[in-house]
$ cat work05.pdb   # PDB, C-alpha atoms
MODEL        1
ATOM      1  CA  MET S   1    -104.625-186.329 -91.931  1.00  0.00           C
ATOM      2  CA  LYS S   2    -104.724-188.880 -94.709  1.00  0.00           C
ATOM      3  CA  VAL S   3    -102.140-191.631 -95.009  1.00  0.00           C
ATOM      4  CA  PRO S   4    -101.242-191.809 -98.688  1.00  0.00           C
ATOM      5  CA  ILE S   5    -101.533-195.126-100.460  1.00  0.00           C
ATOM      6  CA  LEU S   6     -99.470-195.624-103.620  1.00  0.00           C
ATOM      7  CA  ARG S   7    -100.127-198.265-106.225  1.00  0.00           C
ATOM      8  CA  LEU S   8     -97.255-200.035-107.952  1.00  0.00           C
ATOM      9  CA  LYS S   9     -98.332-202.804-110.283  1.00  0.00           C
ATOM     10  CA  ASP S  10    -100.416-205.230-108.211  1.00  0.00           C
ATOM     11  CA  ILE S  11     -99.057-203.947-104.934  1.00  0.00           C
ATOM     12  CA  LEU S  12    -100.112-201.066-102.741  1.00  0.00           C
ATOM     13  CA  LEU S  13     -97.507-199.214-100.714  1.00  0.00           C
ATOM     14  CA  THR S  14     -98.417-197.133 -97.743  1.00  0.00           C
ATOM     15  CA  SER S  15     -96.330-195.410 -95.147  1.00  0.00           C
ATOM     16  CA  ILE S  16     -97.614-194.181 -91.813  1.00  0.00           C
ATOM     17  CA  GLN S  17     -95.319-191.226 -91.236  1.00  0.00           C
ATOM     18  CA  ILE S  18     -96.920-189.543 -88.264  1.00  0.00           C
ATOM     19  CA  ASP S  19     -98.615-190.749 -85.119  1.00  0.00           C
ATOM     20  CA  LEU S  20    -102.251-191.421 -85.898  1.00  0.00           C
ATOM     21  CA  THR S  21    -105.118-190.561 -83.613  1.00  0.00           C
ATOM     22  CA  ASP S  22    -107.572-193.401 -83.015  1.00  0.00           C
ATOM     23  CA  GLU S  23    -109.893-191.729 -85.511  1.00  0.00           C
ATOM     24  CA  ASP S  24    -107.157-191.418 -88.142  1.00  0.00           C
ATOM     25  CA  ALA S  25    -106.311-195.069 -87.592  1.00  0.00           C
ATOM     26  CA  LEU S  26    -109.875-196.119 -88.345  1.00  0.00           C
ATOM     27  CA  GLU S  27    -109.954-193.916 -91.432  1.00  0.00           C
ATOM     28  CA  PHE S  28    -106.650-195.444 -92.529  1.00  0.00           C
ATOM     29  CA  GLN S  29    -108.121-198.917 -92.061  1.00  0.00           C
ATOM     30  CA  SER S  30    -111.118-198.211 -94.261  1.00  0.00           C
ATOM     31  CA  ASP S  31    -108.920-196.406 -96.822  1.00  0.00           C
ATOM     32  CA  VAL S  32    -106.724-199.496 -97.088  1.00  0.00           C
ATOM     33  CA  LEU S  33    -109.686-201.807 -97.597  1.00  0.00           C
ATOM     34  CA  ARG S  34    -111.379-199.502-100.106  1.00  0.00           C
ATOM     35  CA  ASN S  35    -108.143-199.078-102.055  1.00  0.00           C
ATOM     36  CA  ILE S  36    -107.548-202.824-102.265  1.00  0.00           C
ATOM     37  CA  ASN S  37    -111.081-203.303-103.436  1.00  0.00           C
ATOM     38  CA  GLU S  38    -110.904-200.538-106.052  1.00  0.00           C
ATOM     39  CA  THR S  39    -107.452-201.315-107.413  1.00  0.00           C
ATOM     40  CA  GLU S  40    -107.811-205.099-107.149  1.00  0.00           C
ATOM     41  CA  ALA S  41    -104.332-205.158-105.647  1.00  0.00           C
ATOM     42  CA  LYS S  42    -102.892-208.500-104.684  1.00  0.00           C
ATOM     43  CA  GLY S  43    -101.090-207.209-101.657  1.00  0.00           C
ATOM     44  CA  ILE S  44    -100.182-204.244 -99.520  1.00  0.00           C
ATOM     45  CA  VAL S  45     -97.041-203.189 -97.682  1.00  0.00           C
ATOM     46  CA  ILE S  46     -97.618-201.037 -94.627  1.00  0.00           C
ATOM     47  CA  ASP S  47     -94.510-199.124 -93.589  1.00  0.00           C
ATOM     48  CA  ILE S  48     -94.476-198.091 -89.925  1.00  0.00           C
ATOM     49  CA  THR S  49     -90.895-196.809 -89.759  1.00  0.00           C
ATOM     50  CA  ALA S  50     -92.047-193.446 -88.455  1.00  0.00           C
ATOM     51  CA  LEU S  51     -94.050-194.892 -85.566  1.00  0.00           C
ATOM     52  CA  ASP S  52     -91.930-194.594 -82.433  1.00  0.00           C
ATOM     53  CA  VAL S  53     -94.788-195.743 -80.251  1.00  0.00           C
ATOM     54  CA  VAL S  54     -97.418-198.383 -81.015  1.00  0.00           C
ATOM     55  CA  ASP S  55     -99.968-198.543 -78.222  1.00  0.00           C
ATOM     56  CA  SER S  56    -102.317-201.451 -77.734  1.00  0.00           C
ATOM     57  CA  TYR S  57    -105.055-199.735 -79.760  1.00  0.00           C
ATOM     58  CA  MET S  58    -102.729-199.233 -82.713  1.00  0.00           C
ATOM     59  CA  ALA S  59    -101.440-202.799 -82.386  1.00  0.00           C
ATOM     60  CA  ARG S  60    -104.982-204.143 -82.490  1.00  0.00           C
ATOM     61  CA  MET S  61    -105.818-201.904 -85.440  1.00  0.00           C
ATOM     62  CA  LEU S  62    -102.819-203.191 -87.393  1.00  0.00           C
ATOM     63  CA  ASN S  63    -103.721-206.784 -86.568  1.00  0.00           C
ATOM     64  CA  GLU S  64    -107.337-206.287 -87.548  1.00  0.00           C
ATOM     65  CA  THR S  65    -106.430-204.470 -90.751  1.00  0.00           C
ATOM     66  CA  ALA S  66    -104.160-207.352 -91.733  1.00  0.00           C
ATOM     67  CA  THR S  67    -106.917-209.882 -91.051  1.00  0.00           C
ATOM     68  CA  MET S  68    -109.439-207.832 -93.030  1.00  0.00           C
ATOM     69  CA  VAL S  69    -107.062-207.526 -95.968  1.00  0.00           C
ATOM     70  CA  GLN S  70    -106.523-211.289 -95.927  1.00  0.00           C
ATOM     71  CA  ILE S  71    -110.262-211.944 -95.798  1.00  0.00           C
ATOM     72  CA  LEU S  72    -110.652-209.702 -98.827  1.00  0.00           C
ATOM     73  CA  GLY S  73    -108.199-211.985-100.581  1.00  0.00           C
ATOM     74  CA  ALA S  74    -105.017-209.929-100.572  1.00  0.00           C
ATOM     75  CA  ASP S  75    -101.776-210.274 -98.654  1.00  0.00           C
ATOM     76  CA  VAL S  76    -100.145-207.875 -96.264  1.00  0.00           C
ATOM     77  CA  VAL S  77     -96.635-207.220 -95.008  1.00  0.00           C
ATOM     78  CA  ILE S  78     -95.841-204.738 -92.271  1.00  0.00           C
ATOM     79  CA  CYS S  79     -92.360-203.276 -92.441  1.00  0.00           C
ATOM     80  CA  GLY S  80     -90.010-200.911 -90.714  1.00  0.00           C
ATOM     81  CA  MET S  81     -90.916-201.664 -87.121  1.00  0.00           C
ATOM     82  CA  GLN S  82     -88.654-199.821 -84.693  1.00  0.00           C
ATOM     83  CA  PRO S  83     -86.746-202.078 -82.263  1.00  0.00           C
ATOM     84  CA  SER S  84     -88.382-200.266 -79.346  1.00  0.00           C
ATOM     85  CA  VAL S  85     -91.815-200.999 -80.807  1.00  0.00           C
ATOM     86  CA  ALA S  86     -91.029-204.716 -81.174  1.00  0.00           C
ATOM     87  CA  LEU S  87     -89.813-204.720 -77.574  1.00  0.00           C
ATOM     88  CA  THR S  88     -92.911-203.009 -76.241  1.00  0.00           C
ATOM     89  CA  LEU S  89     -95.356-205.108 -78.263  1.00  0.00           C
ATOM     90  CA  VAL S  90     -93.947-208.370 -76.953  1.00  0.00           C
ATOM     91  CA  GLU S  91     -93.782-207.064 -73.392  1.00  0.00           C
ATOM     92  CA  MET S  92     -97.424-205.984 -73.666  1.00  0.00           C
ATOM     93  CA  GLY S  93     -98.309-209.417 -75.019  1.00  0.00           C
ATOM     94  CA  ARG S  94     -99.528-207.653 -78.131  1.00  0.00           C
ATOM     95  CA  GLU S  95     -97.480-209.296 -80.817  1.00  0.00           C
ATOM     96  CA  LEU S  96     -98.714-208.941 -84.350  1.00  0.00           C
ATOM     97  CA  ILE S  97    -100.336-212.320 -84.943  1.00  0.00           C
ATOM     98  CA  ASP S  98    -100.323-213.882 -88.380  1.00  0.00           C
ATOM     99  CA  VAL S  99     -98.872-210.744 -89.896  1.00  0.00           C
ATOM    100  CA  LYS S 100     -95.732-211.037 -91.960  1.00  0.00           C
ATOM    101  CA  THR S 101     -93.112-208.420 -91.200  1.00  0.00           C
ATOM    102  CA  ALA S 102     -90.027-207.137 -92.983  1.00  0.00           C
ATOM    103  CA  LEU S 103     -87.177-204.914 -91.913  1.00  0.00           C
ATOM    104  CA  ASN S 104     -87.718-202.143 -94.407  1.00  0.00           C
ATOM    105  CA  LEU S 105     -89.849-201.141 -97.362  1.00  0.00           C
ATOM    106  CA  GLU S 106     -87.477-202.697 -99.869  1.00  0.00           C
ATOM    107  CA  GLN S 107     -87.542-206.098 -98.189  1.00  0.00           C
ATOM    108  CA  GLY S 108     -91.280-205.775 -97.594  1.00  0.00           C
ATOM    109  CA  PHE S 109     -91.870-205.092-101.275  1.00  0.00           C
ATOM    110  CA  GLU S 110     -89.780-208.097-102.286  1.00  0.00           C
ATOM    111  CA  MET S 111     -91.575-210.266 -99.746  1.00  0.00           C
ATOM    112  CA  ILE S 112     -95.051-209.281-100.904  1.00  0.00           C
ATOM    113  CA  GLN S 113     -94.091-209.805-104.550  1.00  0.00           C
ATOM    114  CA  HIS S 114     -92.823-213.270-103.663  1.00  0.00           C
ATOM    115  CA  ILE S 115     -95.951-214.075-101.670  1.00  0.00           C
ATOM    116  CA  THR S 116     -98.379-212.911-104.328  1.00  0.00           C
ATOM    117  CA  GLU S 117     -96.464-214.649-107.120  1.00  0.00           C
ATOM    118  CA  ASN S 118     -96.530-217.949-105.245  1.00  0.00           C
ATOM    119  CA  ARG S 119    -100.108-217.734-104.138  1.00  0.00           C
ATOM    120  CA  GLY S 120    -102.286-220.653-105.032  1.00  0.00           C
ATOM    121  CA  ARG S 121     -99.346-222.897-105.760  1.00  0.00           C
TER
ATOM    122  CA  MET M 122     -98.779-181.066 -94.231  1.00  0.00           C
ATOM    123  CA  LYS M 123     -95.805-183.194 -95.168  1.00  0.00           C
ATOM    124  CA  VAL M 124     -95.642-185.055 -98.462  1.00  0.00           C
ATOM    125  CA  PRO M 125     -94.361-188.550 -97.647  1.00  0.00           C
ATOM    126  CA  ILE M 126     -91.325-189.840 -99.491  1.00  0.00           C
ATOM    127  CA  LEU M 127     -90.855-193.599 -99.706  1.00  0.00           C
ATOM    128  CA  ARG M 128     -87.611-195.348-100.523  1.00  0.00           C
ATOM    129  CA  LEU M 129     -87.592-198.482-102.631  1.00  0.00           C
ATOM    130  CA  LYS M 130     -84.127-199.756-103.460  1.00  0.00           C
ATOM    131  CA  ASP M 131     -82.301-196.885-105.169  1.00  0.00           C
ATOM    132  CA  ILE M 132     -85.476-195.055-106.014  1.00  0.00           C
ATOM    133  CA  LEU M 133     -87.581-192.614-104.048  1.00  0.00           C
ATOM    134  CA  LEU M 134     -91.325-192.530-104.584  1.00  0.00           C
ATOM    135  CA  THR M 135     -93.412-189.585-103.601  1.00  0.00           C
ATOM    136  CA  SER M 136     -97.010-188.744-104.187  1.00  0.00           C
ATOM    137  CA  ILE M 137     -98.513-185.281-103.851  1.00  0.00           C
ATOM    138  CA  GLN M 138    -102.030-186.159-102.804  1.00  0.00           C
ATOM    139  CA  ILE M 139    -103.431-182.796-101.797  1.00  0.00           C
ATOM    140  CA  ASP M 140    -103.092-179.293-103.142  1.00  0.00           C
ATOM    141  CA  LEU M 141     -99.987-177.718-101.666  1.00  0.00           C
ATOM    142  CA  THR M 142     -99.762-174.156-100.485  1.00  0.00           C
ATOM    143  CA  ASP M 143     -96.753-172.243-101.807  1.00  0.00           C
ATOM    144  CA  GLU M 144     -95.089-172.813 -98.433  1.00  0.00           C
ATOM    145  CA  ASP M 145     -95.787-176.557 -98.504  1.00  0.00           C
ATOM    146  CA  ALA M 146     -94.392-176.683-102.021  1.00  0.00           C
ATOM    147  CA  LEU M 147     -91.110-175.141-100.890  1.00  0.00           C
ATOM    148  CA  GLU M 148     -90.916-177.534 -97.942  1.00  0.00           C
ATOM    149  CA  PHE M 149     -91.606-180.426-100.305  1.00  0.00           C
ATOM    150  CA  GLN M 150     -88.787-179.234-102.548  1.00  0.00           C
ATOM    151  CA  SER M 151     -86.255-179.153 -99.730  1.00  0.00           C
ATOM    152  CA  ASP M 152     -87.539-182.499 -98.381  1.00  0.00           C
ATOM    153  CA  VAL M 153     -86.958-184.089-101.783  1.00  0.00           C
ATOM    154  CA  LEU M 154     -83.420-182.740-102.032  1.00  0.00           C
ATOM    155  CA  ARG M 155     -82.530-183.680 -98.446  1.00  0.00           C
ATOM    156  CA  ASN M 156     -83.938-187.177 -98.908  1.00  0.00           C
ATOM    157  CA  ILE M 157     -81.966-187.773-102.098  1.00  0.00           C
ATOM    158  CA  ASN M 158     -78.850-186.575-100.367  1.00  0.00           C
ATOM    159  CA  GLU M 159     -79.394-188.734 -97.270  1.00  0.00           C
ATOM    160  CA  THR M 160     -80.507-191.912 -99.018  1.00  0.00           C
ATOM    161  CA  GLU M 161     -78.120-191.560-101.960  1.00  0.00           C
ATOM    162  CA  ALA M 162     -81.028-192.454-104.205  1.00  0.00           C
ATOM    163  CA  LYS M 163     -80.389-192.626-107.919  1.00  0.00           C
ATOM    164  CA  GLY M 164     -83.746-191.265-108.890  1.00  0.00           C
ATOM    165  CA  ILE M 165     -87.132-190.052-107.760  1.00  0.00           C
ATOM    166  CA  VAL M 166     -90.648-190.462-109.097  1.00  0.00           C
ATOM    167  CA  ILE M 167     -93.025-187.636-108.253  1.00  0.00           C
ATOM    168  CA  ASP M 168     -96.663-188.652-108.598  1.00  0.00           C
ATOM    169  CA  ILE M 169     -99.041-185.735-109.167  1.00  0.00           C
ATOM    170  CA  THR M 170    -102.207-187.747-109.888  1.00  0.00           C
ATOM    171  CA  ALA M 171    -104.115-185.949-107.164  1.00  0.00           C
ATOM    172  CA  LEU M 172    -103.310-182.463-108.447  1.00  0.00           C
ATOM    173  CA  ASP M 173    -106.322-181.214-110.392  1.00  0.00           C
ATOM    174  CA  VAL M 174    -104.822-177.793-110.769  1.00  0.00           C
ATOM    175  CA  VAL M 175    -101.193-176.859-111.344  1.00  0.00           C
ATOM    176  CA  ASP M 176    -100.774-173.110-111.303  1.00  0.00           C
ATOM    177  CA  SER M 177     -97.731-171.337-112.686  1.00  0.00           C
ATOM    178  CA  TYR M 178     -96.074-171.265-109.257  1.00  0.00           C
ATOM    179  CA  MET M 179     -96.467-175.014-108.847  1.00  0.00           C
ATOM    180  CA  ALA M 180     -95.278-175.614-112.425  1.00  0.00           C
ATOM    181  CA  ARG M 181     -92.160-173.566-111.779  1.00  0.00           C
ATOM    182  CA  MET M 182     -91.576-175.388-108.494  1.00  0.00           C
ATOM    183  CA  LEU M 183     -91.806-178.776-110.229  1.00  0.00           C
ATOM    184  CA  ASN M 184     -89.448-177.641-112.973  1.00  0.00           C
ATOM    185  CA  GLU M 185     -86.969-176.229-110.488  1.00  0.00           C
ATOM    186  CA  THR M 186     -87.117-179.303-108.270  1.00  0.00           C
ATOM    187  CA  ALA M 187     -86.378-181.503-111.269  1.00  0.00           C
ATOM    188  CA  THR M 188     -83.403-179.345-112.230  1.00  0.00           C
ATOM    189  CA  MET M 189     -82.102-179.359-108.661  1.00  0.00           C
ATOM    190  CA  VAL M 190     -82.410-183.145-108.445  1.00  0.00           C
ATOM    191  CA  GLN M 191     -80.510-183.499-111.706  1.00  0.00           C
ATOM    192  CA  ILE M 192     -77.772-181.159-110.516  1.00  0.00           C
ATOM    193  CA  LEU M 193     -77.443-183.316-107.391  1.00  0.00           C
ATOM    194  CA  GLY M 194     -76.801-186.225-109.725  1.00  0.00           C
ATOM    195  CA  ALA M 195     -80.096-188.102-109.590  1.00  0.00           C
ATOM    196  CA  ASP M 196     -82.883-188.519-112.131  1.00  0.00           C
ATOM    197  CA  VAL M 197     -86.503-187.546-111.895  1.00  0.00           C
ATOM    198  CA  VAL M 198     -89.748-188.638-113.506  1.00  0.00           C
ATOM    199  CA  ILE M 199     -93.053-186.887-112.927  1.00  0.00           C
ATOM    200  CA  CYS M 200     -96.090-189.106-113.340  1.00  0.00           C
ATOM    201  CA  GLY M 201     -99.845-189.096-113.214  1.00  0.00           C
ATOM    202  CA  MET M 202    -100.499-185.708-114.734  1.00  0.00           C
ATOM    203  CA  GLN M 203    -104.214-185.091-115.256  1.00  0.00           C
ATOM    204  CA  PRO M 204    -105.217-184.332-118.858  1.00  0.00           C
ATOM    205  CA  SER M 205    -106.633-180.988-117.756  1.00  0.00           C
ATOM    206  CA  VAL M 206    -103.295-180.100-116.166  1.00  0.00           C
ATOM    207  CA  ALA M 207    -101.393-180.951-119.354  1.00  0.00           C
ATOM    208  CA  LEU M 208    -103.855-178.804-121.281  1.00  0.00           C
ATOM    209  CA  THR M 209    -103.541-175.843-118.945  1.00  0.00           C
ATOM    210  CA  LEU M 210     -99.753-176.034-118.712  1.00  0.00           C
ATOM    211  CA  VAL M 211     -99.310-175.898-122.466  1.00  0.00           C
ATOM    212  CA  GLU M 212    -101.873-173.137-122.838  1.00  0.00           C
ATOM    213  CA  MET M 213    -100.065-171.125-120.160  1.00  0.00           C
ATOM    214  CA  GLY M 214     -96.785-171.734-121.991  1.00  0.00           C
ATOM    215  CA  ARG M 215     -95.585-173.442-118.827  1.00  0.00           C
ATOM    216  CA  GLU M 216     -94.645-176.865-120.070  1.00  0.00           C
ATOM    217  CA  LEU M 217     -92.372-178.922-117.872  1.00  0.00           C
ATOM    218  CA  ILE M 218     -89.032-178.489-119.594  1.00  0.00           C
ATOM    219  CA  ASP M 219     -86.466-181.267-119.562  1.00  0.00           C
ATOM    220  CA  VAL M 220     -88.587-183.300-117.179  1.00  0.00           C
ATOM    221  CA  LYS M 221     -89.464-186.843-118.111  1.00  0.00           C
ATOM    222  CA  THR M 222     -93.077-187.754-117.560  1.00  0.00           C
ATOM    223  CA  ALA M 223     -95.006-191.003-117.335  1.00  0.00           C
ATOM    224  CA  LEU M 224     -98.699-191.846-117.303  1.00  0.00           C
ATOM    225  CA  ASN M 225     -98.830-193.464-113.888  1.00  0.00           C
ATOM    226  CA  LEU M 226     -96.668-194.519-110.971  1.00  0.00           C
ATOM    227  CA  GLU M 227     -96.061-197.976-112.393  1.00  0.00           C
ATOM    228  CA  GLN M 228     -94.769-196.648-115.709  1.00  0.00           C
ATOM    229  CA  GLY M 229     -92.855-193.914-113.897  1.00  0.00           C
ATOM    230  CA  PHE M 230     -91.135-196.486-111.691  1.00  0.00           C
ATOM    231  CA  GLU M 231     -90.185-198.602-114.706  1.00  0.00           C
ATOM    232  CA  MET M 232     -88.926-195.530-116.536  1.00  0.00           C
ATOM    233  CA  ILE M 233     -86.727-194.339-113.669  1.00  0.00           C
ATOM    234  CA  GLN M 234     -85.319-197.836-113.191  1.00  0.00           C
ATOM    235  CA  HIS M 235     -84.476-197.950-116.879  1.00  0.00           C
ATOM    236  CA  ILE M 236     -82.910-194.495-116.787  1.00  0.00           C
ATOM    237  CA  THR M 237     -80.802-195.135-113.698  1.00  0.00           C
ATOM    238  CA  GLU M 238     -79.648-198.543-114.955  1.00  0.00           C
ATOM    239  CA  ASN M 239     -78.515-197.078-118.250  1.00  0.00           C
ATOM    240  CA  ARG M 240     -76.887-194.013-116.818  1.00  0.00           C
ATOM    241  CA  GLY M 241     -73.318-193.473-117.803  1.00  0.00           C
ATOM    242  CA  ARG M 242     -73.489-195.903-120.679  1.00  0.00           C
TER
ENDMDL
END
$ encode --input "work05.pdb" --output "structure tokens"
Amino acid sequence: MKVPILRLKDILLTSIQIDLTDEDALEFQSDVLRNINETEAKGIVIDITALDVVDSYMARMLNETATMVQILGADVVICGMQPSVALTLVEMGRELIDVKTALNLEQGFEMIQHITENRGR
Amino acid sequence: MKVPILRLKDILLTSIQIDLTDEDALEFQSDVLRNINETEAKGIVIDITALDVVDSYMARMLNETATMVQILGADVVICGMQPSVALTLVEMGRELIDVKTALNLEQGFEMIQHITENRGR
């Protein structure tokens, strides 16, 4: 099960629309990194609206992916987190660290455009 | 296999990234229509970059989907058609009729924004 990654100008958009197995999550991670590298995108928005449950593995994967993307030199915004997911993550002590978040894809897209435009200033 | 549909402002973005069975294609069609209805989107961009082959069934489905979307009151742009697909479609006499096309997702997104902004003028 591949998570599709769309390119729009300098930005990649991706939406996780089903629960990923641990294996899928790893494949998604490497897909994201490869896509950023190939497309020379400045940033990526990862939409997790469809994820009703984010376990500690998934939380770590999202955190790590964000760090990897930033090391590559791009920016990342995660959007669409369900209230229940935010609640669980904090209760687990598994907050997303150093990852910018937005309410929905629209706001995430605006945020990443703003971030990438102001980079280096 | 669901084709994901992303919403960005008034526009839906969708990317067919694997070959669809006839059944998948029908499900995709009803997903598109339901999504436009639910989100009240003004337009949709359908990216078919990943389709190396568009048979006459798929061509008819794309044409019909576009017509249905327009009847609903939204606009549609199909983007990312492979050169070989364009070649085959014309040779089969199966051109996409009355469907606007764009080279890639970026141009498709700009085109649909332009179309929806100028609608009714």
$ calpha_fit_and_write --input "work05.pdb" --fixed "chain M" --moving "chain S" --output "CSV table (one decimal) with C-alpha atoms, in the coordinates of the input"
chain,number,residue,atom,x,y,z
S,1,MET,CA,-98.7,-181.0,-94.2
S,2,LYS,CA,-95.8,-183.2,-95.2
S,3,VAL,CA,-95.6,-185.1,-98.5
S,4,PRO,CA,-94.4,-188.5,-97.7
S,5,ILE,CA,-91.3,-189.8,-99.5
S,6,LEU,CA,-90.9,-193.6,-99.7
S,7,ARG,CA,-87.6,-195.3,-100.5
S,8,LEU,CA,-87.6,-198.5,-102.6
S,9,LYS,CA,-84.1,-199.7,-103.4
S,10,ASP,CA,-82.3,-196.9,-105.2
S,11,ILE,CA,-85.5,-195.1,-106.0
S,12,LEU,CA,-87.6,-192.6,-104.0
S,13,LEU,CA,-91.3,-192.5,-104.6
S,14,THR,CA,-93.4,-189.6,-103.6
S,15,SER,CA,-97.0,-188.7,-104.2
S,16,ILE,CA,-98.5,-185.3,-103.8
S,17,GLN,CA,-102.0,-186.2,-102.8
S,18,ILE,CA,-103.4,-182.8,-101.8
S,19,ASP,CA,-103.1,-179.3,-103.2
S,20,LEU,CA,-100.0,-177.7,-101.7
S,21,THR,CA,-99.7,-174.2,-100.5
S,22,ASP,CA,-96.7,-172.2,-101.8
S,23,GLU,CA,-95.1,-172.8,-98.4
S,24,ASP,CA,-95.8,-176.6,-98.5
S,25,ALA,CA,-94.4,-176.7,-102.0
S,26,LEU,CA,-91.1,-175.2,-100.9
S,27,GLU,CA,-90.9,-177.5,-97.9
S,28,PHE,CA,-91.6,-180.4,-100.3
S,29,GLN,CA,-88.8,-179.2,-102.5
S,30,SER,CA,-86.2,-179.2,-99.7
S,31,ASP,CA,-87.5,-182.5,-98.4
S,32,VAL,CA,-87.0,-184.1,-101.8
S,33,LEU,CA,-83.4,-182.8,-102.0
S,34,ARG,CA,-82.5,-183.7,-98.5
S,35,ASN,CA,-84.0,-187.2,-98.9
S,36,ILE,CA,-82.0,-187.8,-102.1
S,37,ASN,CA,-78.9,-186.6,-100.4
S,38,GLU,CA,-79.4,-188.7,-97.3
S,39,THR,CA,-80.5,-191.9,-99.0
S,40,GLU,CA,-78.1,-191.6,-102.0
S,41,ALA,CA,-81.0,-192.5,-104.2
S,42,LYS,CA,-80.4,-192.6,-107.9
S,43,GLY,CA,-83.8,-191.3,-108.9
S,44,ILE,CA,-87.1,-190.1,-107.8
S,45,VAL,CA,-90.7,-190.5,-109.1
S,46,ILE,CA,-93.0,-187.6,-108.3
S,47,ASP,CA,-96.7,-188.7,-108.6
S,48,ILE,CA,-99.1,-185.7,-109.2
S,49,THR,CA,-102.2,-187.7,-109.9
S,50,ALA,CA,-104.1,-185.9,-107.2
S,51,LEU,CA,-103.3,-182.5,-108.4
S,52,ASP,CA,-106.3,-181.2,-110.4
S,53,VAL,CA,-104.8,-177.8,-110.8
S,54,VAL,CA,-101.2,-176.9,-111.3
S,55,ASP,CA,-100.8,-173.1,-111.3
S,56,SER,CA,-97.7,-171.3,-112.7
S,57,TYR,CA,-96.1,-171.3,-109.3
S,58,MET,CA,-96.5,-175.0,-108.9
S,59,ALA,CA,-95.3,-175.6,-112.4
S,60,ARG,CA,-92.2,-173.6,-111.8
S,61,MET,CA,-91.6,-175.4,-108.5
S,62,LEU,CA,-91.8,-178.8,-110.2
S,63,ASN,CA,-89.4,-177.6,-113.0
S,64,GLU,CA,-87.0,-176.2,-110.5
S,65,THR,CA,-87.1,-179.3,-108.3
S,66,ALA,CA,-86.4,-181.5,-111.3
S,67,THR,CA,-83.4,-179.3,-112.2
S,68,MET,CA,-82.1,-179.4,-108.7
S,69,VAL,CA,-82.4,-183.1,-108.4
S,70,GLN,CA,-80.5,-183.5,-111.7
S,71,ILE,CA,-77.8,-181.1,-110.5
S,72,LEU,CA,-77.4,-183.3,-107.4
S,73,GLY,CA,-76.8,-186.2,-109.7
S,74,ALA,CA,-80.1,-188.1,-109.6
S,75,ASP,CA,-82.9,-188.5,-112.1
S,76,VAL,CA,-86.5,-187.5,-111.9
S,77,VAL,CA,-89.8,-188.6,-113.5
S,78,ILE,CA,-93.1,-186.9,-112.9
S,79,CYS,CA,-96.1,-189.1,-113.3
S,80,GLY,CA,-99.8,-189.1,-113.2
S,81,MET,CA,-100.5,-185.7,-114.7
S,82,GLN,CA,-104.2,-185.1,-115.3
S,83,PRO,CA,-105.2,-184.4,-118.9
S,84,SER,CA,-106.6,-181.0,-117.7
S,85,VAL,CA,-103.3,-180.1,-116.2
S,86,ALA,CA,-101.4,-180.9,-119.4
S,87,LEU,CA,-103.9,-178.8,-121.3
S,88,THR,CA,-103.5,-175.8,-119.0
S,89,LEU,CA,-99.7,-176.0,-118.7
S,90,VAL,CA,-99.3,-175.9,-122.5
S,91,GLU,CA,-101.9,-173.1,-122.8
S,92,MET,CA,-100.1,-171.1,-120.2
S,93,GLY,CA,-96.8,-171.7,-122.0
S,94,ARG,CA,-95.6,-173.4,-118.8
S,95,GLU,CA,-94.6,-176.9,-120.1
S,96,LEU,CA,-92.4,-178.9,-117.9
S,97,ILE,CA,-89.0,-178.5,-119.6
S,98,ASP,CA,-86.5,-181.3,-119.5
S,99,VAL,CA,-88.6,-183.3,-117.2
S,100,LYS,CA,-89.5,-186.8,-118.1
S,101,THR,CA,-93.1,-187.8,-117.6
S,102,ALA,CA,-95.0,-191.0,-117.3
S,103,LEU,CA,-98.7,-191.8,-117.3
S,104,ASN,CA,-98.8,-193.5,-113.9
S,105,LEU,CA,-96.7,-194.5,-111.0
S,106,GLU,CA,-96.1,-198.0,-112.4
S,107,GLN,CA,-94.8,-196.6,-115.7
S,108,GLY,CA,-92.8,-193.9,-113.9
S,109,PHE,CA,-91.1,-196.5,-111.7
S,110,GLU,CA,-90.2,-198.6,-114.7
S,111,MET,CA,-88.9,-195.5,-116.5
S,112,ILE,CA,-86.7,-194.3,-113.7
S,113,GLN,CA,-85.3,-197.8,-113.2
S,114,HIS,CA,-84.5,-198.0,-116.9
S,115,ILE,CA,-82.9,-194.5,-116.8
S,116,THR,CA,-80.8,-195.1,-113.7
S,117,GLU,CA,-79.7,-198.5,-115.0
S,118,ASN,CA,-78.5,-197.1,-118.3
S,119,ARG,CA,-76.9,-194.0,-116.8
S,120,GLY,CA,-73.3,-193.5,-117.8
S,121,ARG,CA,-73.5,-195.9,-120.7
$ residues_around --input "work05.pdb" --residues "stretch 2-4 of chain S" --least-positions-apart "5" --cutoff "7 Å" --atoms "all atoms listed in the file" --output "list in words"
Thr14, Ser15, Ile16 and Phe28 of chain S
$ write_last_selection --input "work05.pdb" --atoms "C-alpha atoms" --output "PDB file, keeping the file's coordinate frame"
ATOM      1  CA  THR S  14     -98.417-197.133 -97.743  1.00  0.00           C
ATOM      2  CA  SER S  15     -96.330-195.410 -95.147  1.00  0.00           C
ATOM      3  CA  ILE S  16     -97.614-194.181 -91.813  1.00  0.00           C
ATOM      4  CA  PHE S  28    -106.650-195.444 -92.529  1.00  0.00           C
TER       5      PHE S  28
END
$ interface_residues --input "work05.pdb" --of "chain M" --to "chain S" --cutoff "6 Å" --atoms "all atoms listed in the file" --output "CSV table (one decimal) with C-alpha atoms, keeping the file's coordinate frame"
chain,number,residue,atom,x,y,z
M,129,LEU,CA,-87.6,-198.5,-102.6
M,130,LYS,CA,-84.1,-199.8,-103.5
M,227,GLU,CA,-96.1,-198.0,-112.4
$ closest_residue --input "work05.pdb" --among "M:Val220, M:Val198, M:Leu210, M:Leu193" --to "M:Glu161" --atoms "all atoms listed in the file"
M:Leu193
$ closest_residue --input "work05.pdb" --among "M:Asn156, M:Ser151, M:Gln203, M:Ser177" --to "M:Leu224" --atoms "only C-alpha atoms"
M:Gln203
